[in-house]
Structure formats: structure tokens, C-alpha cells
Amino acid sequence: MKIRGVWAYNFHQELSQFDHCLHRFPVISFDTEFPGFLRDTPRDALEDQRYEDVKFNVESLKLLQLGFTLSDANGNIGGTWEFHLSGFNEKSDPHVVASISLLKRNGLDFARLGQFGISVAEFVFGFLRVLRIHRGLHDLTWVCFHGLYDLAYLLKLLTQKPLPDSVVMFAKALGVVFGIIYDIKFMARYCKGFFGGEIGLARVAKLLDVERSGEAHQAGSDSLLTAAVFSKMNATFRSVAGMSQGCLYGISPTIVRYWQPARVVVASVIVRRPCFPVAAPRVYGARLIHSPILPTYVHM
């Protein structure tokens with residue numbers, strides 16, 4: 001499967017192809033690449049501390065790459081796009097040296113990124129236009145692997161705002177912007193022989209006999225592998241997806257969104273399920289209202 005590299009000079013052409021493909025392939029598997037973690041989170045950290053670290057890292061760093069693979073409900077792949085964003089300066093922007101070195105070893109060309117990368121403003125304007133069209137036509141399904149940071153970066157990018165102050169408000173915002181979400185790492189917790197989900201994407205792919213195309217730690221290749229793994233996991237463990245929709249590994253709020261395409265007012269209900277060891281469940285709700293770019297939410 002060809003991974004389509006997208007730069008400033010072919011952005012509009014490739015976005016048009018992405019738009020066309022999305023009509024038939026509404027399952028979006030995605031991955032991001034970013035310059036490391038300025039603040040590491042202990043595994044035994046409480047949820048509020050974990051989210052505080054996510055917010056700090058995401059708001060301090062710049063996104064480098066976005067990978068999207070489109071597929072249908074049967075796992076047929078429509079295409080893979082790797083969007084390269086400009087704006088990162090290795091000399092002046094915060095980053096983790098080891099992370100940048102890893103990305104360079106795996107083929108990320110920072111000189112080319114600076115010269116030919118897509119401006120954030122241009123990407124956001126074009127990508128939101130495509131999303132608005134398809135949100136009005138059909139449900140989109142978003143698939144990630146251990147996607148807490150991927151979703152946080154994408155949320156910050158598309159809203160062009162700081163992340164919400166709490167994990168509950170963060171979960172509500174994800175429901176507004178993305179809707180249906182699956183996290184394969186969470187799904188793996190319920191698959192026999194997958195070590196309770198405490199394994200990486202490459203190991204999951206090996207257990208499912210799924211081969212990678214392209215290099216690891218490249219957003220396009222990782223998104224393509226995520227799509228293939230999601231399809232194989234659903235075919236092998238048929239009941240897992242139903243119990244995993246909207247649940248992200250690492251935080252407790254689970255978003256269950258109820259809406260119909262082409263409707264202005266939709267509803268979103270957030271409940272707490274054991275996506276990670278947490279205290280007793282709580283229930284939250286929000287009412288969504290339309291805006292020219294993305295819906296916003298208000299408390300009920």
C-alpha cells in the first residue's frame with residue numbers, strides 16, 4: 001500500500017483525494033509524531049496528574065506529522081496520507097533530543113519539513129472543511145493505538161485553542177470534535193493472549209500476523225498498521241469492539257455520542273468506565289450546539 005506524502009506543494013491535490021476517498025471509507029485510523037515528552041508521567045500517577053502532564057506536554061510542543069489511513073467497515077483500505085507540518089525549529093522550539101534523534105533515524109527529514117511543510121493555518125482550514133462536509137453526510141469512526149496524546153494534539157490543532165482544564169472537559173471536547181473513537185490498546189485488554197493490553201502496536205501486529213508497510217515512527221506507516229490491526233482484531237475477537245467504543249487507555253471518561261448527520265443539535269453523554277484503574281463511576285452530560293467551524297458544548 002502506497003503512503004502518500006503530503007507537503008505544501010501538493011496539499012490541495014492530496015486533500016481533494018482524501019475528501020473523495022472518505023465518502024467510501026469513513027473509518028479514519030490515525031497517528032501523530034511530535035518532539036517527545038517534556039514531562040514524563042509515572043505509571044501509578046493519579047488521573048488528574050496524568051492529564052495535567054498531557055496538557056503541559058501538548059501545549060508546550062509542536063506537531064510534526066499526521067498520518068491518516070481510510071478504510072471501510074470490512075477493513076478494505078482506501079488510502080494512506082502522511083501530512084508534514086511546518087513551524088518546528090530544532091534550534092529554538094522545545095523538544096527532547098533523544099526523540100528528535102529517533103525520528104531522524106527513522107527517516108524524518110527536518111530540513112525538508114521546514115522548507116516544504118504545510119503551514120498549520122492552511123492545514124486546519126482545509127481539513128476542517130473536509131470534516132464539516134462528511135459530518136453532515138455520515139458518521140466517521142476514529143481509530144488509534146494508545147491515542148491519548150494523538151487525540152490531544154489533534155484536538156489542539158483543529159480547535160486552535162488550549163486543551164480543556166480537566167480530563168472530563170477534555171473527554172467532552174473529544175466527543176464533540178470526533179464522536180466515535182476506538183483505542184486498540186484498550187481493546188487489547190479484552191483479547192486473550194494480549195497481556196492485558198500492556199504491549200505496543202508492533203507486538204499486537206505480530207500476534208495478529210499483520211505486517212507493516214513503511215518505517216516505524218512515521219505517522220503514515222503507523223496509521224496504516226493501526227488500520228490493519230483494527231480490522232484483524234475485529235475479525236478475530238468479534239465482541240471486543242462493542243465494549244470498547246469511546247474508551248481511551250489511560251483515562252476513565254468514556255464518550256458515548258448520539259447524533260445524526262445533518263442535524264444541528266446533537267447530544268453527548270459521558271460516563272466513566274474502567275479504561276484505567278479509577279474510583280467509582282460518575283455520569284456527565286453535555287448539549288452540543290452548532291458553530292461555523294466546530295460544534296461547542298455547554299453544560300446541561
# chains A, B, ... in the order shown; residues from 1 in each chain; ligands from 1
$ residues_around --residues "A:Leu225" --least-positions-apart "4" --cutoff "9 Å" --atoms "only C-alpha atoms" --output "PyMOL selection string"
chain A and resi 29+69+201-202+205+210-213+220-221+229-230
$ write_last_selection --atoms "C-alpha atoms" --output "PDB file, in the first residue's frame"
ATOM      1  CA  SER A  29      -7.051   5.334  11.603  1.00  0.00           C
ATOM      2  CA  THR A  69      -5.456   5.717   6.757  1.00  0.00           C
ATOM      3  CA  LEU A 201       1.449  -1.739  18.492  1.00  0.00           C
ATOM      4  CA  ALA A 202       4.261  -3.762  16.886  1.00  0.00           C
ATOM      5  CA  ALA A 205       0.532  -6.680  14.992  1.00  0.00           C
ATOM      6  CA  VAL A 210      -0.163  -8.305  10.441  1.00  0.00           C
ATOM      7  CA  GLU A 211       2.840  -6.928   8.518  1.00  0.00           C
ATOM      8  CA  ARG A 212       3.965  -3.313   8.497  1.00  0.00           C
ATOM      9  CA  SER A 213       4.403  -1.221   5.357  1.00  0.00           C
ATOM     10  CA  GLY A 220       1.676   7.308   7.762  1.00  0.00           C
ATOM     11  CA  SER A 221       3.107   3.841   8.335  1.00  0.00           C
ATOM     12  CA  VAL A 229      -4.579  -4.308  13.206  1.00  0.00           C
ATOM     13  CA  PHE A 230      -8.028  -2.874  13.944  1.00  0.00           C
TER      14      PHE A 230
END
$ select_by_dssp --residues "stretch 68-292 of chain A" --states "alpha helix (DSSP H)" --output "PyMOL selection string"
chain A and resi 97-105+110-116+120-135+148-159+167-177+184-188+201-207+219-236+240-244
$ write_last_selection --atoms "C-alpha atoms" --output "tab-separated table (two decimals), in the first residue's frame"
chain	number	residue	atom	x	y	z
A	97	VAL	CA	16.86	15.47	21.91
A	98	ALA	CA	16.50	11.69	22.07
A	99	SER	CA	13.07	11.86	20.42
A	100	ILE	CA	14.31	14.03	17.58
A	101	SER	CA	17.24	11.65	17.05
A	102	LEU	CA	14.87	8.69	16.88
A	103	LEU	CA	12.67	10.40	14.31
A	104	LYS	CA	15.71	11.28	12.22
A	105	ARG	CA	16.97	7.68	12.32
A	110	PHE	CA	13.66	18.08	9.40
A	111	ALA	CA	15.30	20.28	6.78
A	112	ARG	CA	12.64	19.34	4.25
A	113	LEU	CA	9.95	19.71	6.90
A	114	GLY	CA	10.99	23.30	7.45
A	115	GLN	CA	11.24	24.11	3.75
A	116	PHE	CA	8.22	22.27	2.30
A	120	VAL	CA	-0.71	24.89	10.36
A	121	ALA	CA	-3.25	27.54	9.33
A	122	GLU	CA	-3.58	26.09	5.82
A	123	PHE	CA	-3.91	22.53	7.08
A	124	VAL	CA	-6.54	23.41	9.67
A	125	PHE	CA	-8.64	25.43	7.23
A	126	GLY	CA	-8.62	22.69	4.58
A	127	PHE	CA	-9.02	19.71	6.89
A	128	LEU	CA	-11.92	21.28	8.81
A	129	ARG	CA	-13.69	21.99	5.55
A	130	VAL	CA	-13.49	18.29	4.66
A	131	LEU	CA	-14.67	17.23	8.12
A	132	ARG	CA	-17.65	19.59	8.02
A	133	ILE	CA	-18.78	18.07	4.74
A	134	HIS	CA	-18.56	14.49	5.96
A	135	ARG	CA	-20.01	15.14	9.41
A	148	LEU	CA	-4.42	9.86	24.36
A	149	TYR	CA	-1.61	12.08	23.08
A	150	ASP	CA	-2.60	11.67	19.42
A	151	LEU	CA	-6.11	12.90	20.19
A	152	ALA	CA	-4.85	15.70	22.41
A	153	TYR	CA	-2.53	17.01	19.67
A	154	LEU	CA	-5.24	16.71	17.03
A	155	LEU	CA	-7.79	18.44	19.27
A	156	LYS	CA	-5.40	21.34	19.93
A	157	LEU	CA	-4.61	21.58	16.23
A	158	LEU	CA	-8.19	21.60	14.97
A	159	THR	CA	-9.61	23.91	17.63
A	167	VAL	CA	-9.99	15.36	31.91
A	168	VAL	CA	-13.80	15.39	31.99
A	169	MET	CA	-13.97	18.50	29.82
A	170	PHE	CA	-11.30	17.01	27.58
A	171	ALA	CA	-13.45	13.92	27.09
A	172	LYS	CA	-16.46	16.08	26.27
A	173	ALA	CA	-14.43	18.00	23.69
A	174	LEU	CA	-13.30	14.75	22.05
A	175	GLY	CA	-16.93	13.70	21.76
A	176	VAL	CA	-17.84	16.97	20.10
A	177	VAL	CA	-14.99	17.01	17.59
A	184	ILE	CA	-6.72	-0.55	20.11
A	185	LYS	CA	-4.57	-0.63	23.22
A	186	PHE	CA	-7.71	-0.55	25.33
A	187	MET	CA	-9.35	-3.18	23.11
A	188	ALA	CA	-6.33	-5.46	23.59
A	201	LEU	CA	1.45	-1.74	18.49
A	202	ALA	CA	4.26	-3.76	16.89
A	203	ARG	CA	3.69	-6.66	19.31
A	204	VAL	CA	-0.06	-6.59	18.75
A	205	ALA	CA	0.53	-6.68	14.99
A	206	LYS	CA	2.88	-9.66	15.38
A	207	LEU	CA	0.35	-11.58	17.47
A	219	ALA	CA	2.86	8.71	11.10
A	220	GLY	CA	1.68	7.31	7.76
A	221	SER	CA	3.11	3.84	8.33
A	222	ASP	CA	1.84	3.73	11.92
A	223	SER	CA	-1.67	4.76	10.84
A	224	LEU	CA	-1.68	2.05	8.14
A	225	LEU	CA	-0.59	-0.58	10.65
A	226	THR	CA	-3.25	0.67	13.07
A	227	ALA	CA	-5.93	0.24	10.42
A	228	ALA	CA	-4.80	-3.29	9.55
A	229	VAL	CA	-4.58	-4.31	13.21
A	230	PHE	CA	-8.03	-2.87	13.94
A	231	SER	CA	-9.56	-4.86	11.10
A	232	LYS	CA	-7.82	-8.11	12.09
A	233	MET	CA	-8.68	-7.65	15.77
A	234	ASN	CA	-12.35	-7.11	14.96
A	235	ALA	CA	-12.40	-10.21	12.77
A	236	THR	CA	-10.64	-12.32	15.42
A	240	VAL	CA	-14.38	-6.58	21.74
A	241	ALA	CA	-15.27	-3.50	19.70
A	242	GLY	CA	-18.73	-3.27	21.20
A	243	MET	CA	-17.39	-2.99	24.74
A	244	SER	CA	-14.57	-0.61	23.78
$ residues_around --residues "A:Gln245" --least-positions-apart "3" --cutoff "8 Å" --atoms "only C-alpha atoms" --output "PyMOL selection string"
chain A and resi 180-183+241-242+256
$ write_last_selection --atoms "C-alpha atoms" --output "short mmCIF file (atom, residue, chain, number, x, y, z; two decimals), in the first residue's frame"
data_model
loop_
_atom_site.label_atom_id
_atom_site.label_comp_id
_atom_site.auth_asym_id
_atom_site.auth_seq_id
_atom_site.Cartn_x
_atom_site.Cartn_y
_atom_site.Cartn_z
CA ILE A 180 -16.87 7.61 17.61
CA ILE A 181 -13.42 6.60 18.85
CA TYR A 182 -11.65 3.25 19.31
CA ASP A 183 -8.33 2.78 21.06
CA ALA A 241 -15.27 -3.50 19.70
CA GLY A 242 -18.73 -3.27 21.20
CA VAL A 256 -20.92 7.80 24.03
#
$ atom_distance --atom1 "atom CA of A:Gly67" --atom2 "atom CA of A:Gln49"
28.3 Å
$ residues_around --residues "A:Val54" --least-positions-apart "2" --cutoff "10 Å" --atoms "only C-alpha atoms" --output "list in words"
Phe37, Leu38, Arg39, Asp40, Thr41, Asp48, Gln49, Arg50, Tyr51, Glu52, Phe56, Asn57, Val58, Glu59, Ser60, Leu148, Tyr149, Ala152, Tyr153, Leu163 and Val167 of chain A
$ write_last_selection --atoms "N, CA, C and O atoms" --output "PDB file, in the first residue's frame"
ATOM      1  N   PHE A  37       8.440  14.073  25.042  1.00  0.00           N
ATOM      2  CA  PHE A  37       7.677  14.378  26.244  1.00  0.00           C
ATOM      3  C   PHE A  37       8.574  15.191  27.179  1.00  0.00           C
ATOM      4  O   PHE A  37       9.582  14.679  27.673  1.00  0.00           O
ATOM      5  N   LEU A  38       8.216  16.430  27.420  1.00  0.00           N
ATOM      6  CA  LEU A  38       8.992  17.253  28.333  1.00  0.00           C
ATOM      7  C   LEU A  38       8.795  16.815  29.778  1.00  0.00           C
ATOM      8  O   LEU A  38       9.682  16.966  30.615  1.00  0.00           O
ATOM      9  N   ARG A  39       7.619  16.284  30.055  1.00  0.00           N
ATOM     10  CA  ARG A  39       7.296  15.829  31.399  1.00  0.00           C
ATOM     11  C   ARG A  39       6.817  14.383  31.321  1.00  0.00           C
ATOM     12  O   ARG A  39       5.819  14.087  30.678  1.00  0.00           O
ATOM     13  N   ASP A  40       7.539  13.463  31.965  1.00  0.00           N
ATOM     14  CA  ASP A  40       7.152  12.056  31.994  1.00  0.00           C
ATOM     15  C   ASP A  40       6.165  11.820  33.139  1.00  0.00           C
ATOM     16  O   ASP A  40       6.266  12.430  34.207  1.00  0.00           O
ATOM     17  N   THR A  41       5.237  10.894  32.909  1.00  0.00           N
ATOM     18  CA  THR A  41       4.215  10.595  33.900  1.00  0.00           C
ATOM     19  C   THR A  41       4.452   9.218  34.493  1.00  0.00           C
ATOM     20  O   THR A  41       4.531   8.230  33.753  1.00  0.00           O
ATOM     21  N   ASP A  48      -5.817  12.835  37.410  1.00  0.00           N
ATOM     22  CA  ASP A  48      -5.698  14.281  37.250  1.00  0.00           C
ATOM     23  C   ASP A  48      -4.257  14.688  36.950  1.00  0.00           C
ATOM     24  O   ASP A  48      -4.012  15.572  36.126  1.00  0.00           O
ATOM     25  N   GLN A  49      -3.291  14.026  37.603  1.00  0.00           N
ATOM     26  CA  GLN A  49      -1.892  14.310  37.328  1.00  0.00           C
ATOM     27  C   GLN A  49      -1.519  13.873  35.920  1.00  0.00           C
ATOM     28  O   GLN A  49      -0.786  14.577  35.206  1.00  0.00           O
ATOM     29  N   ARG A  50      -2.030  12.711  35.502  1.00  0.00           N
ATOM     30  CA  ARG A  50      -1.741  12.223  34.156  1.00  0.00           C
ATOM     31  C   ARG A  50      -2.239  13.217  33.110  1.00  0.00           C
ATOM     32  O   ARG A  50      -1.536  13.550  32.150  1.00  0.00           O
ATOM     33  N   TYR A  51      -3.459  13.702  33.300  1.00  0.00           N
ATOM     34  CA  TYR A  51      -3.989  14.649  32.318  1.00  0.00           C
ATOM     35  C   TYR A  51      -3.254  15.985  32.377  1.00  0.00           C
ATOM     36  O   TYR A  51      -3.021  16.620  31.340  1.00  0.00           O
ATOM     37  N   GLU A  52      -2.872  16.414  33.571  1.00  0.00           N
ATOM     38  CA  GLU A  52      -2.100  17.653  33.695  1.00  0.00           C
ATOM     39  C   GLU A  52      -0.802  17.554  32.909  1.00  0.00           C
ATOM     40  O   GLU A  52      -0.386  18.523  32.247  1.00  0.00           O
ATOM     41  N   PHE A  56       0.253  19.802  29.661  1.00  0.00           N
ATOM     42  CA  PHE A  56       1.528  20.533  29.660  1.00  0.00           C
ATOM     43  C   PHE A  56       2.366  20.175  28.436  1.00  0.00           C
ATOM     44  O   PHE A  56       2.884  21.058  27.734  1.00  0.00           O
ATOM     45  N   ASN A  57       2.523  18.883  28.165  1.00  0.00           N
ATOM     46  CA  ASN A  57       3.349  18.450  27.035  1.00  0.00           C
ATOM     47  C   ASN A  57       2.784  18.923  25.704  1.00  0.00           C
ATOM     48  O   ASN A  57       3.514  19.452  24.853  1.00  0.00           O
ATOM     49  N   VAL A  58       1.489  18.718  25.497  1.00  0.00           N
ATOM     50  CA  VAL A  58       0.876  19.044  24.212  1.00  0.00           C
ATOM     51  C   VAL A  58       0.890  20.549  23.957  1.00  0.00           C
ATOM     52  O   VAL A  58       1.136  20.998  22.828  1.00  0.00           O
ATOM     53  N   GLU A  59       0.662  21.333  24.984  1.00  0.00           N
ATOM     54  CA  GLU A  59       0.632  22.777  24.797  1.00  0.00           C
ATOM     55  C   GLU A  59       2.031  23.377  24.691  1.00  0.00           C
ATOM     56  O   GLU A  59       2.198  24.499  24.223  1.00  0.00           O
ATOM     57  N   SER A  60       3.052  22.609  25.096  1.00  0.00           N
ATOM     58  CA  SER A  60       4.426  23.114  25.050  1.00  0.00           C
ATOM     59  C   SER A  60       5.136  22.774  23.746  1.00  0.00           C
ATOM     60  O   SER A  60       6.147  23.400  23.409  1.00  0.00           O
ATOM     61  N   LEU A 148      -4.185   8.706  23.516  1.00  0.00           N
ATOM     62  CA  LEU A 148      -4.424   9.865  24.363  1.00  0.00           C
ATOM     63  C   LEU A 148      -3.677  11.089  23.848  1.00  0.00           C
ATOM     64  O   LEU A 148      -4.256  12.171  23.678  1.00  0.00           O
ATOM     65  N   TYR A 149      -2.390  10.944  23.580  1.00  0.00           N
ATOM     66  CA  TYR A 149      -1.605  12.077  23.077  1.00  0.00           C
ATOM     67  C   TYR A 149      -1.966  12.415  21.639  1.00  0.00           C
ATOM     68  O   TYR A 149      -2.008  13.592  21.262  1.00  0.00           O
ATOM     69  N   ALA A 152      -5.085  14.390  21.804  1.00  0.00           N
ATOM     70  CA  ALA A 152      -4.847  15.699  22.410  1.00  0.00           C
ATOM     71  C   ALA A 152      -4.194  16.653  21.412  1.00  0.00           C
ATOM     72  O   ALA A 152      -4.586  17.826  21.292  1.00  0.00           O
ATOM     73  N   TYR A 153      -3.188  16.164  20.683  1.00  0.00           N
ATOM     74  CA  TYR A 153      -2.534  17.008  19.675  1.00  0.00           C
ATOM     75  C   TYR A 153      -3.504  17.387  18.561  1.00  0.00           C
ATOM     76  O   TYR A 153      -3.530  18.535  18.099  1.00  0.00           O
ATOM     77  N   LEU A 163      -5.889  23.021  25.496  1.00  0.00           N
ATOM     78  CA  LEU A 163      -6.722  21.888  25.902  1.00  0.00           C
ATOM     79  C   LEU A 163      -7.591  22.280  27.091  1.00  0.00           C
ATOM     80  O   LEU A 163      -7.241  23.174  27.868  1.00  0.00           O
ATOM     81  N   VAL A 167      -9.864  16.540  32.763  1.00  0.00           N
ATOM     82  CA  VAL A 167      -9.991  15.364  31.912  1.00  0.00           C
ATOM     83  C   VAL A 167     -11.446  15.146  31.493  1.00  0.00           C
ATOM     84  O   VAL A 167     -11.721  14.652  30.393  1.00  0.00           O
TER      85      VAL A 167
END
$ closest_residue --among "A:Ser166, A:Gln218, A:Ser71, A:Gln13" --to "A:His84" --atoms "only C-alpha atoms"
A:Gln218
